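Okay, run.csv now, which holds CSV, C-alpha atoms:
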```csv
chain,number,residue,atom,x,y,z
J,1486,MET,CA,28.9,-14.1,11.3
J,1487,GLN,CA,26.3,-11.4,10.5
J,1488,HIS,CA,22.6,-12.2,10.8
J,1489,ARG,CA,21.2,-11.7,7.3
J,1490,VAL,CA,17.9,-9.8,7.1
J,1491,ILE,CA,16.3,-9.5,3.7
J,1492,VAL,CA,13.4,-7.1,3.1
J,1493,LEU,CA,11.3,-7.8,-0.1
J,1494,GLY,CA,9.6,-4.8,-1.5
J,1495,ALA,CA,10.3,-1.1,-0.9
J,1496,GLY,CA,6.9,0.5,-0.7
J,1497,TYR,CA,5.8,2.4,2.4
J,1498,ALA,CA,5.9,-0.8,4.6
J,1499,GLY,CA,9.1,-2.4,3.3
J,1500,ALA,CA,11.2,0.8,3.2
J,1501,SER,CA,10.0,1.8,6.7
J,1502,ALA,CA,10.9,-1.7,8.0
J,1503,ALA,CA,14.4,-1.6,6.5
J,1504,GLY,CA,15.2,1.8,7.8
J,1505,ARG,CA,13.9,1.1,11.3
J,1506,LEU,CA,15.9,-2.1,11.5
J,1507,ALA,CA,19.0,-0.2,10.5
J,1508,LYS,CA,18.5,2.2,13.4
J,1509,ARG,CA,17.8,-0.6,15.9
J,1510,LEU,CA,20.6,-3.0,15.2
J,1511,HIS,CA,24.4,-2.8,15.1
J,1512,ARG,CA,25.9,-2.9,11.7
J,1513,GLU,CA,28.6,-5.3,12.7
J,1514,ASP,CA,26.1,-7.9,13.8
J,1515,VAL,CA,23.4,-7.6,11.1
J,1516,SER,CA,23.3,-7.2,7.3
J,1517,ILE,CA,20.1,-5.6,5.9
J,1518,THR,CA,19.3,-6.0,2.2
J,1519,LEU,CA,16.4,-4.2,0.6
J,1520,VAL,CA,15.2,-5.9,-2.6
J,1521,ASN,CA,13.0,-3.8,-5.0
J,1522,ALA,CA,12.3,-3.8,-8.8
J,1523,GLU,CA,12.6,0.0,-9.1
J,1524,PRO,CA,15.5,2.3,-8.0
J,1525,ASP,CA,13.3,4.9,-6.4
J,1526,PHE,CA,10.4,5.2,-4.0
J,1527,VAL,CA,6.9,5.3,-5.5
J,1528,GLU,CA,4.3,7.4,-3.6
J,1529,ARG,CA,1.5,5.1,-4.3
J,1530,VAL,CA,-1.1,7.4,-2.6
J,1531,ARG,CA,-0.4,10.0,-5.3
J,1532,MET,CA,-0.8,7.8,-8.4
J,1533,HIS,CA,-4.1,9.6,-9.3
J,1534,GLN,CA,-2.1,12.8,-9.4
J,1535,LEU,CA,0.5,11.3,-11.7
J,1536,ALA,CA,-2.2,10.0,-14.0
J,1537,VAL,CA,-3.6,13.5,-14.7
J,1538,GLY,CA,-0.2,14.9,-15.6
J,1539,GLN,CA,1.2,16.1,-12.3
J,1540,ASP,CA,4.9,15.4,-11.7
J,1541,LEU,CA,6.1,13.9,-8.5
J,1542,ASN,CA,9.4,14.5,-6.7
J,1543,PRO,CA,11.9,11.7,-7.4
J,1544,ARG,CA,13.1,9.8,-4.3
J,1545,PRO,CA,16.0,7.6,-5.2
J,1546,PHE,CA,16.7,4.8,-2.7
J,1547,SER,CA,20.4,5.3,-3.2
J,1548,GLU,CA,20.0,8.7,-1.6
J,1549,MET,CA,17.4,7.7,1.0
J,1550,PHE,CA,19.4,4.9,2.5
J,1551,ALA,CA,22.9,6.4,2.0
J,1552,GLY,CA,24.9,5.9,5.2
J,1553,THR,CA,22.3,3.8,6.9
J,1554,GLY,CA,23.9,0.4,6.3
J,1555,VAL,CA,21.0,-0.8,4.2
J,1556,ALA,CA,22.2,-2.5,1.0
J,1557,LEU,CA,20.0,-2.2,-2.1
J,1558,ALA,CA,19.4,-5.1,-4.5
J,1559,LEU,CA,17.6,-4.0,-7.7
J,1560,GLY,CA,15.5,-6.8,-9.2
J,1561,GLU,CA,12.2,-8.6,-9.4
J,1562,VAL,CA,11.5,-11.3,-6.8
J,1563,VAL,CA,10.4,-14.4,-8.7
J,1564,GLY,CA,10.5,-17.0,-5.9
J,1565,VAL,CA,10.7,-17.6,-2.2
J,1566,ASP,CA,11.8,-20.9,-0.7
J,1567,VAL,CA,11.0,-20.7,3.0
J,1568,GLU,CA,12.3,-24.1,3.7
J,1569,ARG,CA,15.8,-23.4,2.3
J,1570,LYS,CA,15.6,-19.7,3.4
J,1571,ALA,CA,16.4,-18.4,0.0
J,1572,VAL,CA,14.9,-15.8,-2.4
J,1573,ALA,CA,15.3,-15.8,-6.2
J,1574,VAL,CA,15.7,-12.3,-7.7
J,1575,VAL,CA,16.0,-11.5,-11.4
J,1576,GLY,CA,18.2,-8.4,-12.0
J,1577,ALA,CA,20.5,-6.9,-14.6
J,1578,ASN,CA,22.9,-9.8,-14.3
J,1579,GLY,CA,20.3,-12.6,-14.5
J,1580,THR,CA,18.8,-14.6,-11.7
J,1581,GLU,CA,20.5,-14.5,-8.3
J,1582,GLU,CA,19.7,-16.4,-5.1
J,1583,LEU,CA,19.9,-14.5,-1.8
J,1584,ALA,CA,20.0,-16.4,1.5
J,1585,TYR,CA,18.5,-15.0,4.6
J,1586,ASP,CA,18.2,-15.7,8.3
J,1587,THR,CA,15.2,-13.4,8.7
J,1588,LEU,CA,12.9,-12.4,5.9
J,1589,VAL,CA,10.5,-9.4,5.9
J,1590,TYR,CA,8.0,-10.0,3.1
J,1591,ALA,CA,6.6,-6.6,1.9
J,1592,LEU,CA,5.8,-7.2,-1.8
J,1593,GLY,CA,2.4,-5.5,-1.3
J,1594,SER,CA,-0.4,-5.6,-3.8
J,1595,GLY,CA,-1.6,-4.5,-7.2
J,1596,TRP,CA,-5.0,-3.9,-8.8
J,1597,ASN,CA,-7.6,-6.5,-8.4
J,1598,THR,CA,-9.5,-7.4,-11.7
J,1599,ARG,CA,-11.9,-9.6,-9.6
J,1600,ASP,CA,-11.9,-11.9,-12.6
J,1601,VAL,CA,-14.3,-9.6,-14.4
J,1602,PRO,CA,-14.1,-10.3,-18.2
J,1603,GLY,CA,-12.3,-7.6,-20.2
J,1604,VAL,CA,-10.7,-5.7,-17.2
J,1605,ALA,CA,-7.1,-6.8,-17.9
J,1606,GLU,CA,-7.4,-6.2,-21.6
J,1607,HIS,CA,-9.3,-2.9,-21.7
J,1608,ALA,CA,-9.2,-1.1,-18.3
J,1609,HIS,CA,-6.6,1.2,-16.8
J,1610,GLU,CA,-5.4,1.2,-13.2
J,1611,VAL,CA,-3.8,3.6,-10.7
J,1612,ALA,CA,-2.4,1.0,-8.3
J,1613,SER,CA,1.1,1.3,-9.8
J,1614,ARG,CA,3.4,3.9,-11.3
J,1615,ALA,CA,3.4,2.0,-14.6
J,1616,GLY,CA,-0.4,1.9,-14.7
J,1617,ALA,CA,-0.7,5.6,-13.8
J,1618,LEU,CA,1.7,6.6,-16.5
J,1619,ARG,CA,-0.2,4.5,-19.1
J,1620,LEU,CA,-3.4,6.2,-18.0
J,1621,ARG,CA,-1.7,9.6,-18.1
J,1622,GLU,CA,-0.7,9.0,-21.8
J,1623,ARG,CA,-4.2,7.8,-22.7
J,1624,LEU,CA,-6.0,10.8,-21.0
J,1625,ALA,CA,-3.7,13.2,-22.8
J,1626,ARG,CA,-4.9,11.9,-26.1
J,1627,LEU,CA,-8.6,12.3,-25.4
J,1628,ASP,CA,-10.6,14.9,-27.2
J,1629,ALA,CA,-13.0,17.2,-25.3
J,1630,GLY,CA,-16.2,15.5,-24.5
J,1631,ALA,CA,-14.8,12.0,-24.3
J,1632,ALA,CA,-16.2,9.8,-21.6
J,1633,VAL,CA,-14.1,8.5,-18.7
J,1634,LEU,CA,-15.6,5.9,-16.4
J,1635,VAL,CA,-14.1,5.1,-13.0
J,1636,VAL,CA,-15.3,1.8,-11.6
J,1637,GLY,CA,-15.1,1.5,-7.8
J,1638,GLY,CA,-16.6,3.7,-5.1
J,1639,GLY,CA,-13.9,3.3,-2.5
J,1640,LEU,CA,-11.2,5.8,-1.6
J,1641,THR,CA,-9.1,5.2,-4.7
J,1642,GLY,CA,-12.1,5.5,-7.0
J,1643,LEU,CA,-13.2,8.7,-5.4
J,1644,GLU,CA,-9.8,10.3,-5.6
J,1645,ALA,CA,-9.3,9.2,-9.2
J,1646,ALA,CA,-12.7,10.4,-10.4
J,1647,THR,CA,-12.4,13.8,-8.8
J,1648,GLU,CA,-8.8,14.3,-9.7
J,1649,ILE,CA,-9.6,13.6,-13.4
J,1650,ALA,CA,-12.7,15.8,-13.4
J,1651,GLU,CA,-10.8,18.7,-11.8
J,1652,ALA,CA,-7.8,18.4,-14.1
J,1653,ARG,CA,-9.8,17.8,-17.3
J,1654,PRO,CA,-13.1,19.7,-17.0
J,1655,ASP,CA,-13.6,19.2,-20.7
J,1656,LEU,CA,-14.1,15.4,-20.2
J,1657,ASP,CA,-17.3,13.6,-19.3
J,1658,VAL,CA,-16.3,11.8,-16.1
J,1659,ALA,CA,-18.5,9.2,-14.4
J,1660,LEU,CA,-18.2,7.0,-11.4
J,1661,ALA,CA,-19.8,3.5,-11.0
J,1662,ALA,CA,-20.1,2.4,-7.4
J,1663,ARG,CA,-21.4,-1.0,-6.2
J,1664,GLY,CA,-23.1,0.7,-3.3
J,1665,GLY,CA,-24.1,4.2,-2.5
J,1666,LEU,CA,-21.8,7.2,-3.0
J,1667,GLY,CA,-19.5,7.3,0.0
J,1668,ASP,CA,-21.7,5.0,2.0
J,1669,TRP,CA,-18.7,4.1,4.2
J,1670,LEU,CA,-18.4,7.8,5.3
J,1671,GLY,CA,-20.3,9.5,8.0
J,1672,PRO,CA,-23.2,11.8,7.2
J,1673,LYS,CA,-21.1,15.0,7.1
J,1674,GLY,CA,-18.5,13.4,4.9
J,1675,ARG,CA,-21.1,11.9,2.5
J,1676,ALA,CA,-22.9,15.3,2.1
J,1677,HIS,CA,-19.6,17.1,1.3
J,1678,LEU,CA,-18.5,14.4,-1.1
J,1679,ARG,CA,-21.8,14.7,-3.0
J,1680,LYS,CA,-21.5,18.4,-3.1
J,1681,VAL,CA,-18.0,18.3,-4.6
J,1682,VAL,CA,-18.9,15.5,-7.1
J,1683,ASP,CA,-21.8,17.6,-8.3
J,1684,ARG,CA,-19.7,20.7,-8.6
J,1685,LEU,CA,-17.1,18.9,-10.7
J,1686,GLY,CA,-19.8,17.5,-12.9
J,1687,VAL,CA,-19.1,13.8,-12.2
J,1688,THR,CA,-22.0,11.5,-13.1
J,1689,VAL,CA,-22.5,8.9,-10.4
J,1690,HIS,CA,-24.0,5.5,-11.0
J,1691,GLU,CA,-24.9,4.2,-7.6
J,1692,ASP,CA,-25.7,0.5,-6.8
J,1693,THR,CA,-24.1,-0.5,-10.0
J,1694,ALA,CA,-22.1,-3.7,-10.3
J,1695,VAL,CA,-19.9,-3.9,-13.4
J,1696,THR,CA,-19.8,-7.4,-14.9
J,1697,GLY,CA,-17.7,-6.8,-18.0
J,1698,VAL,CA,-15.4,-4.3,-19.7
J,1699,THR,CA,-15.0,-3.7,-23.4
J,1700,ALA,CA,-12.9,-1.3,-25.5
J,1701,ASP,CA,-15.7,1.3,-25.5
J,1702,GLY,CA,-17.4,0.9,-22.1
J,1703,VAL,CA,-18.8,-1.6,-19.6
J,1704,THR,CA,-21.8,-3.8,-19.0
J,1705,THR,CA,-23.6,-3.9,-15.7
J,1706,ALA,CA,-25.4,-6.6,-13.7
J,1707,ASP,CA,-28.8,-5.0,-14.5
J,1708,GLY,CA,-28.2,-5.2,-18.2
J,1709,ARG,CA,-27.1,-1.7,-18.9
J,1710,THR,CA,-24.2,-0.5,-21.1
J,1711,LEU,CA,-22.2,2.5,-19.9
J,1712,ALA,CA,-20.1,4.0,-22.7
J,1713,ALA,CA,-16.5,5.1,-22.0
J,1714,ALA,CA,-13.5,5.9,-24.1
J,1715,VAL,CA,-11.4,5.1,-21.0
J,1716,THR,CA,-12.3,2.8,-18.1
J,1717,VAL,CA,-10.4,3.1,-14.9
J,1718,TRP,CA,-10.7,0.1,-12.6
J,1719,THR,CA,-10.4,0.8,-8.8
J,1720,THR,CA,-12.3,-2.0,-7.1
J,1721,GLY,CA,-9.7,-3.0,-4.6
J,1722,PHE,CA,-6.3,-4.6,-4.4
J,1723,ALA,CA,-4.9,-8.1,-4.8
J,1724,VAL,CA,-1.7,-9.2,-3.1
J,1725,HIS,CA,1.4,-10.4,-4.9
J,1726,PRO,CA,0.9,-14.1,-5.8
J,1727,ILE,CA,4.3,-15.3,-4.6
J,1728,ALA,CA,3.4,-15.9,-1.0
J,1729,ALA,CA,0.5,-18.3,-1.9
J,1730,ALA,CA,3.0,-20.3,-4.0
J,1731,THR,CA,5.2,-21.0,-0.9
J,1732,ALA,CA,4.8,-23.2,2.1
J,1733,LEU,CA,3.7,-20.1,4.2
J,1734,GLU,CA,0.3,-20.3,5.7
J,1735,VAL,CA,-1.9,-17.8,3.9
J,1736,GLY,CA,-5.5,-16.7,4.1
J,1737,GLY,CA,-8.1,-16.8,1.3
J,1738,THR,CA,-6.8,-13.5,0.0
J,1739,GLY,CA,-3.3,-14.8,-0.4
J,1740,GLN,CA,-2.0,-12.7,2.5
J,1741,ILE,CA,0.4,-14.2,5.0
J,1742,ILE,CA,-1.2,-15.0,8.3
J,1743,VAL,CA,0.8,-13.4,11.1
J,1744,ASP,CA,0.7,-12.9,14.9
J,1745,ALA,CA,0.6,-9.6,16.7
J,1746,THR,CA,4.3,-9.0,16.0
J,1747,MET,CA,3.8,-9.6,12.2
J,1748,ARG,CA,5.6,-12.9,12.4
J,1749,SER,CA,4.3,-15.8,10.2
J,1750,VAL,CA,2.3,-18.3,12.2
J,1751,SER,CA,3.9,-21.1,10.2
J,1752,HIS,CA,7.5,-19.9,9.7
J,1753,PRO,CA,8.9,-17.9,12.6
J,1754,ASP,CA,11.8,-16.6,10.5
J,1755,VAL,CA,9.4,-14.8,8.1
J,1756,TYR,CA,7.6,-11.5,8.9
J,1757,ALA,CA,4.9,-10.0,6.7
J,1758,VAL,CA,4.1,-6.3,6.6
J,1759,GLY,CA,1.8,-4.0,4.8
J,1760,ASP,CA,-0.7,-5.3,2.3
J,1761,ALA,CA,1.0,-8.7,2.3
J,1762,ALA,CA,0.0,-9.4,6.0
J,1763,LEU,CA,-3.2,-10.8,7.2
J,1764,ALA,CA,-3.1,-9.3,10.7
J,1765,ASP,CA,-5.9,-8.7,13.2
J,1766,GLY,CA,-6.6,-5.2,14.3
J,1767,PRO,CA,-9.0,-3.9,17.0
J,1768,GLY,CA,-12.1,-6.0,17.4
J,1769,ASP,CA,-10.3,-9.0,15.7
J,1770,LYS,CA,-11.0,-7.4,12.3
J,1771,PRO,CA,-8.3,-7.8,9.7
J,1772,LEU,CA,-6.4,-4.6,9.0
J,1773,ARG,CA,-7.3,-3.2,5.6
J,1774,MET,CA,-4.8,-2.8,2.8
J,1775,SER,CA,-3.7,0.8,3.1
J,1776,CYS,CA,-0.7,3.0,4.0
J,1777,ALA,CA,-2.4,3.6,7.3
J,1778,SER,CA,-2.0,-0.1,8.1
J,1779,GLY,CA,1.3,-0.6,6.3
J,1780,VAL,CA,3.6,1.7,8.2
J,1781,PRO,CA,2.5,0.6,11.7
J,1782,THR,CA,2.9,-3.0,10.8
J,1783,ALA,CA,6.4,-2.3,9.5
J,1784,TRP,CA,7.3,-0.6,12.8
J,1785,GLN,CA,5.8,-3.6,14.7
J,1786,ALA,CA,7.8,-6.1,12.7
J,1787,ALA,CA,11.1,-4.2,12.9
J,1788,ASP,CA,10.8,-3.7,16.6
J,1789,ALA,CA,9.9,-7.4,17.2
J,1790,ILE,CA,12.9,-8.6,15.1
J,1791,ALA,CA,15.2,-6.3,16.9
J,1792,ALA,CA,13.9,-7.4,20.3
J,1793,ARG,CA,14.2,-11.1,19.4
J,1794,LEU,CA,17.7,-10.7,18.2
J,1795,THR,CA,18.9,-8.6,21.1
J,1796,GLY,CA,17.0,-10.2,23.9
J,1797,GLY,CA,14.9,-7.1,24.4
J,1798,LYS,CA,11.3,-6.5,25.1
J,1799,LEU,CA,8.7,-7.2,22.5
J,1800,PRO,CA,6.5,-4.3,21.3
J,1801,LYS,CA,2.9,-4.4,22.6
J,1802,VAL,CA,1.5,-1.3,21.0
J,1803,PRO,CA,-1.8,-2.3,19.3
J,1804,ILE,CA,-2.4,-1.1,15.8
J,1805,ARG,CA,-5.5,1.1,15.4
J,1806,TYR,CA,-7.1,3.6,13.1
J,1807,PHE,CA,-7.8,7.3,13.6
J,1808,ASN,CA,-9.1,8.6,10.3
J,1809,GLN,CA,-9.5,8.1,6.6
J,1810,CYS,CA,-8.1,10.8,4.4
J,1811,VAL,CA,-9.7,11.4,1.0
J,1812,SER,CA,-8.5,14.0,-1.5
J,1813,LEU,CA,-11.1,15.3,-3.9
J,1814,GLY,CA,-8.9,17.1,-6.4
J,1815,ARG,CA,-6.3,19.6,-5.2
J,1816,ARG,CA,-8.7,21.9,-3.4
J,1817,GLU,CA,-11.2,19.7,-1.6
J,1818,GLY,CA,-11.1,16.7,0.7
J,1819,VAL,CA,-12.7,14.7,3.5
J,1820,ILE,CA,-11.0,13.6,6.7
J,1821,GLN,CA,-13.4,11.0,8.1
J,1822,TYR,CA,-12.7,10.3,11.8
J,1823,VAL,CA,-13.1,6.6,12.7
J,1824,THR,CA,-13.2,4.3,15.6
J,1825,ALA,CA,-10.2,2.1,16.5
J,1826,ASP,CA,-11.6,-0.6,14.2
J,1827,ASP,CA,-12.2,1.7,11.3
J,1828,ARG,CA,-15.9,2.5,11.5
J,1829,ALA,CA,-17.0,6.1,10.7
J,1830,VAL,CA,-18.1,8.4,13.4
J,1831,PRO,CA,-20.1,11.7,12.8
J,1832,ALA,CA,-17.1,13.9,13.1
J,1833,ALA,CA,-15.3,14.9,9.9
J,1834,LEU,CA,-13.2,17.7,8.4
J,1835,THR,CA,-14.2,18.9,4.9
J,1836,GLY,CA,-13.3,21.4,2.3
J,1837,ARG,CA,-10.0,23.2,1.9
J,1838,ILE,CA,-8.7,22.4,5.4
J,1839,ALA,CA,-9.3,18.7,4.7
J,1840,ALA,CA,-7.3,19.0,1.4
J,1841,VAL,CA,-4.4,20.6,3.3
J,1842,TYR,CA,-4.6,17.9,6.0
J,1843,LYS,CA,-4.4,15.1,3.4
J,1844,GLU,CA,-1.5,16.8,1.7
J,1845,LEU,CA,0.4,17.0,5.0
J,1846,VAL,CA,-0.3,13.3,5.6
J,1847,CYS,CA,1.1,12.3,2.2
J,1848,LYS,CA,4.2,14.5,2.7
J,1849,ALA,CA,4.8,13.1,6.2
J,1850,ALA,CA,4.5,9.5,5.0
J,1851,ALA,CA,7.0,10.1,2.2
J,1852,TRP,CA,9.3,12.1,4.5
J,1853,GLY,CA,9.2,9.2,7.0
J,1854,VAL,CA,10.3,6.7,4.3
J,1855,ALA,CA,12.9,9.1,2.8
J,1856,HIS,CA,14.4,9.7,6.3
J,1857,PRO,CA,14.1,6.2,7.7
J,1858,THR,CA,16.5,6.6,10.6
J,1859,LEU,CA,15.7,10.1,11.8
J,1860,GLY,CA,13.7,10.8,14.9
J,1861,MET,CA,14.7,7.6,16.6
J,1862,PRO,CA,17.2,6.9,19.4
J,1863,ALA,CA,20.7,6.8,18.1
J,1864,ARG,CA,21.8,3.7,20.1
J,1865,ARG,CA,22.0,0.5,18.1
J,1866,ARG,CA,21.7,-2.7,20.2
J,1867,ARG,CA,24.1,-5.6,19.8
J,1868,VAL,CA,22.8,-9.0,18.8
J,1869,VAL,CA,23.0,-11.6,21.5
J,1870,ARG,CA,25.1,-14.5,20.2
J,1871,GLY,CA,23.1,-17.6,19.8
J,1872,GLN,CA,19.9,-15.6,19.9
J,1873,THR,CA,17.4,-16.2,17.1
J,1874,PRO,CA,14.3,-14.2,16.0
J,1875,ALA,CA,12.2,-17.3,17.0
J,1876,ALA,CA,12.7,-16.8,20.7
J,1877,THR,CA,13.7,-14.0,23.1
J,1878,ARG,CA,14.2,-13.6,26.8
J,1879,ALA,CA,10.9,-11.8,27.0
J,1880,GLU,CA,9.0,-14.7,25.4
J,1881,ALA,CA,10.9,-17.3,27.4
J,1882,THR,CA,9.9,-15.7,30.6
J,1883,ALA,CA,6.3,-14.9,29.6
```
Hey, can you dump this file as structure tokens for me?
Amino acid sequence: MQHRVIVLGAGYAGASAAGRLAKRLHREDVSITLVNAEPDFVERVRMHQLAVGQDLNPRPFSEMFAGTGVALALGEVVGVDVERKAVAVVGANGTEELAYDTLVYALGSGWNTRDVPGVAEHAHEVASRAGALRLRERLARLDAGAAVLVVGGGLTGLEAATEIAEARPDLDVALAARGGLGDWLGPKGRAHLRKVVDRLGVTVHEDTAVTGVTADGVTTADGRTLAAAVTVWTTGFAVHPIAAATALEVGGTGQIIVDATMRSVSHPDVYAVGDAALADGPGDKPLRMSCASGVPTAWQAADAIAARLTGGKLPKVPIRYFNQCVSLGRREGVIQYVTADDRAVPAALTGRIAAVYKELVCKAAAWGVAHPTLGMPARRRRVVRGQTPAATRAEATA
């Protein structure tokens, strides 16, 4: 009987995990099912580009996983029963229950309204393709001189504000940041960011906490009103709520608490990857929600599952950071080099070379997902009968 692996979610982390498992394990021994609500891969790191009217290359999963042995199940995950080891999925034919032996939870995250009044009703987001397309339609209807306010001074906010300002120089674009502009960057990166923002004509409201959103603007903690025909909310991400509704042990963010192999600390048959995982990185700091964290956690989980099923050696490669890549429109960027635990150092790339670097990173990430089994050893290992992902020879002898 085949060991049933189900992967929930086909973003960067989920798709990478499914493809890597397919390359590691023998098809006769393991069935791998990838569950996703959409039929093609979404390049989430490019949603700000989609929002301003740029078209992205389609990447159908049916083509990406053709010949890999990964089965696709289109539908929305509506429930996970970790005690019965079953997943409820609503698809074209209604609700279906899928049973698993090993579950890889990669449902990821969406925009975080932070319970600020009016955000859900009046603001736009670029955390999803649907949200980016709605914003795209709204921006296209704006007349020259209309005000667009991006709330959030992190990477997503900077990319959204500069992309909109570059693509639509006729609009009055502003950015509201809770702290200083780019205060998480090093001195060189901050200086270049301010230079680009000034050149693009983006008005920056620093040290500004937004406390409410209306149809025509926002209110701030210090009592001001900032007018905007369109408000774009980019203040962070919130994980999919399903995990918190299960018996899985989760943290205050709703992320699944995992060990160094991305295995749930409460349910050894469940692994969490990407934004869904609360995993410690260097310095015992939680990994941040990002593509930079997601793909390495997917590799870690896939290799650990394969090792536990085949009696192999568990992966021990620590996950660390190298840089943060920020596009500032299509012609400018900042590549901020960081310590292993994600703290900025003085070194940074800026300007056109940084924009090219960021573009190569985005293309490489998408290529890796679209070619999940290339560049890896061709030999698939056989499952050791009677072996479960809860224990391996390596762990038993540790």
Please provide as a PDB file with C-alpha atoms, keeping the file's coordinate frame all residues within 8 Å of J:Gly1818, with the sequence filter that same-chain residues fewer than 4 positions apart are discarded (counting only C-alpha atoms).
```pdb
ATOM      1  CA  LEU J1678     -18.500  14.400  -1.100  1.00  0.00           C
ATOM      2  CA  CYS J1810      -8.100  10.800   4.400  1.00  0.00           C
ATOM      3  CA  VAL J1811      -9.700  11.400   1.000  1.00  0.00           C
ATOM      4  CA  SER J1812      -8.500  14.000  -1.500  1.00  0.00           C
ATOM      5  CA  LEU J1813     -11.100  15.300  -3.900  1.00  0.00           C
ATOM      6  CA  GLY J1814      -8.900  17.100  -6.400  1.00  0.00           C
ATOM      7  CA  THR J1835     -14.200  18.900   4.900  1.00  0.00           C
ATOM      8  CA  GLY J1836     -13.300  21.400   2.300  1.00  0.00           C
ATOM      9  CA  ARG J1837     -10.000  23.200   1.900  1.00  0.00           C
ATOM     10  CA  ILE J1838      -8.700  22.400   5.400  1.00  0.00           C
ATOM     11  CA  ALA J1839      -9.300  18.700   4.700  1.00  0.00           C
ATOM     12  CA  ALA J1840      -7.300  19.000   1.400  1.00  0.00           C
ATOM     13  CA  LYS J1843      -4.400  15.100   3.400  1.00  0.00           C
TER      14      LYS J1843
END
```
Practice task
Could you pull out every residue with an atom within 10 Å of (-19.1, -5.7, -23.0), file coordinates, counting only C-alpha atoms, and send them as a ChimeraX atom specification?
Solution key: /J:1602-1603,1695-1705,1709-1712
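Among J:Glu1644, J:Asp1826, J:Asp1707, J:Glu1844, the residue with the shortest atom-to-atom distance to J:Val1537, counting all atoms listed in the file, is J:Glu1644.
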With a cut-off of 12 Å, could you pull out the residues of stretch 1797-1878 of chain J touching stretch 1741-1745 of chain J and give me the nearest pair of atoms for each, distance in Å to one decimal, using only C-alpha atoms, ordered by chain and ascending number, as JSON lines?
```
{"residue": "J:Leu1799", "atom": "CA", "partner": "J:Ala1745", "partner_atom": "CA", "distance": 10.2}
{"residue": "J:Pro1800", "atom": "CA", "partner": "J:Ala1745", "partner_atom": "CA", "distance": 9.2}
{"residue": "J:Lys1801", "atom": "CA", "partner": "J:Ala1745", "partner_atom": "CA", "distance": 8.2}
{"residue": "J:Val1802", "atom": "CA", "partner": "J:Ala1745", "partner_atom": "CA", "distance": 9.4}
{"residue": "J:Pro1803", "atom": "CA", "partner": "J:Ala1745", "partner_atom": "CA", "distance": 8.1}
{"residue": "J:Ile1804", "atom": "CA", "partner": "J:Ala1745", "partner_atom": "CA", "distance": 9.1}
```
Exercise for the section: Using all atoms listed in the file, determine which residues lie at most 7 Å from J:Val1755, disregarding the query and same-chain residues fewer than 6 positions distant; provide the list as a list in words. Expected result: Thr1587, Leu1588, Val1589, Arg1748 and Ser1749 of chain J
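Minimum atom-to-atom distances from J:Phe1526, J:Gly1638, J:Ala1729, J:Arg1866 to J:Thr1693 were compared using only C-alpha atoms, and the lowest value belongs to J:Gly1638.
Comparing J:Val1562, J:Ala1851, J:Gly1494, J:Thr1716 by their smallest distance to J:Asp1657, the closest is J:Thr1716 (using only C-alpha atoms).
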Problem - Among listed residues J:Ala1617, J:Val1841, J:Met1549, J:Ala1791, nearest J:Arg1867 (using all atoms listed in the file) - result: J:Ala1791
Fill in the blank from the handout: In terms of all atoms listed in the file, the residue from J:Ala1713, J:Leu1666, J:Val1490, J:Val1555 at minimal distance from J:Val1633 is J:Ala1713
Problem - Option closest in space to J:Lys1570, from J:Glu1691, J:Asp1754, J:Glu1817, J:Asp1668 [counting all atoms listed in the file] - result: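 The shortest atom-to-atom distance to J:Lys1570 comes from J:Asp1754.
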Practice task
Report the distance between atom CA of J:Gly1721 and atom CA of J:Val1574 in Å, rounded to one decimal place.
Solution key: 27.2 Å
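Relative to atom CA of J:Thr1824, atom CA of J:Ala1498 is found at 22.6 Å.
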Exercise for the section: Please measure the separation of atom CA of J:Ala1825 and atom CA of J:Arg1805, giving the value in Å to one decimal. Expected result: 4.9 Å
Exercise for the section: List the neighbours of stretch 1619-1628 of chain J out to 7 Å using all atoms listed in the file; skip same-chain residues closer than 4 positions along the sequence, and give me the result as a PyMOL selection string. Expected result: chain J and resi 1535-1538+1609+1615
Problem - Sphere at (19.7, -2.5, -0.6), radius 8 Å, counting only C-alpha atoms: residues as a list in words - result: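 Residues with an atom close enough to that point: Ile1517, Thr1518, Leu1519, Val1520, Val1555, Ala1556, Leu1557, Ala1558 and Leu1559 of chain J.
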Please supply stretch 1808-1813 of chain J, rebuilt with N, CA and C atoms, as a tab-separated table (two decimals), keeping the file's coordinate frame.
```tsv
chain	number	residue	atom	x	y	z
J	1808	ASN	N	-8.30	7.95	11.35
J	1808	ASN	CA	-9.10	8.60	10.30
J	1808	ASN	C	-8.85	8.03	8.97
J	1809	GLN	N	-9.70	8.40	8.03
J	1809	GLN	CA	-9.50	8.10	6.60
J	1809	GLN	C	-9.43	9.38	5.87
J	1810	CYS	N	-8.39	9.52	5.07
J	1810	CYS	CA	-8.10	10.80	4.40
J	1810	CYS	C	-8.42	10.64	2.89
J	1811	VAL	N	-9.30	11.47	2.37
J	1811	VAL	CA	-9.70	11.40	1.00
J	1811	VAL	C	-9.47	12.75	0.31
J	1812	SER	N	-8.64	12.79	-0.72
J	1812	SER	CA	-8.50	14.00	-1.50
J	1812	SER	C	-9.54	14.01	-2.60
J	1813	LEU	N	-10.14	15.14	-2.85
J	1813	LEU	CA	-11.10	15.30	-3.90
J	1813	LEU	C	-10.66	16.37	-4.85
```
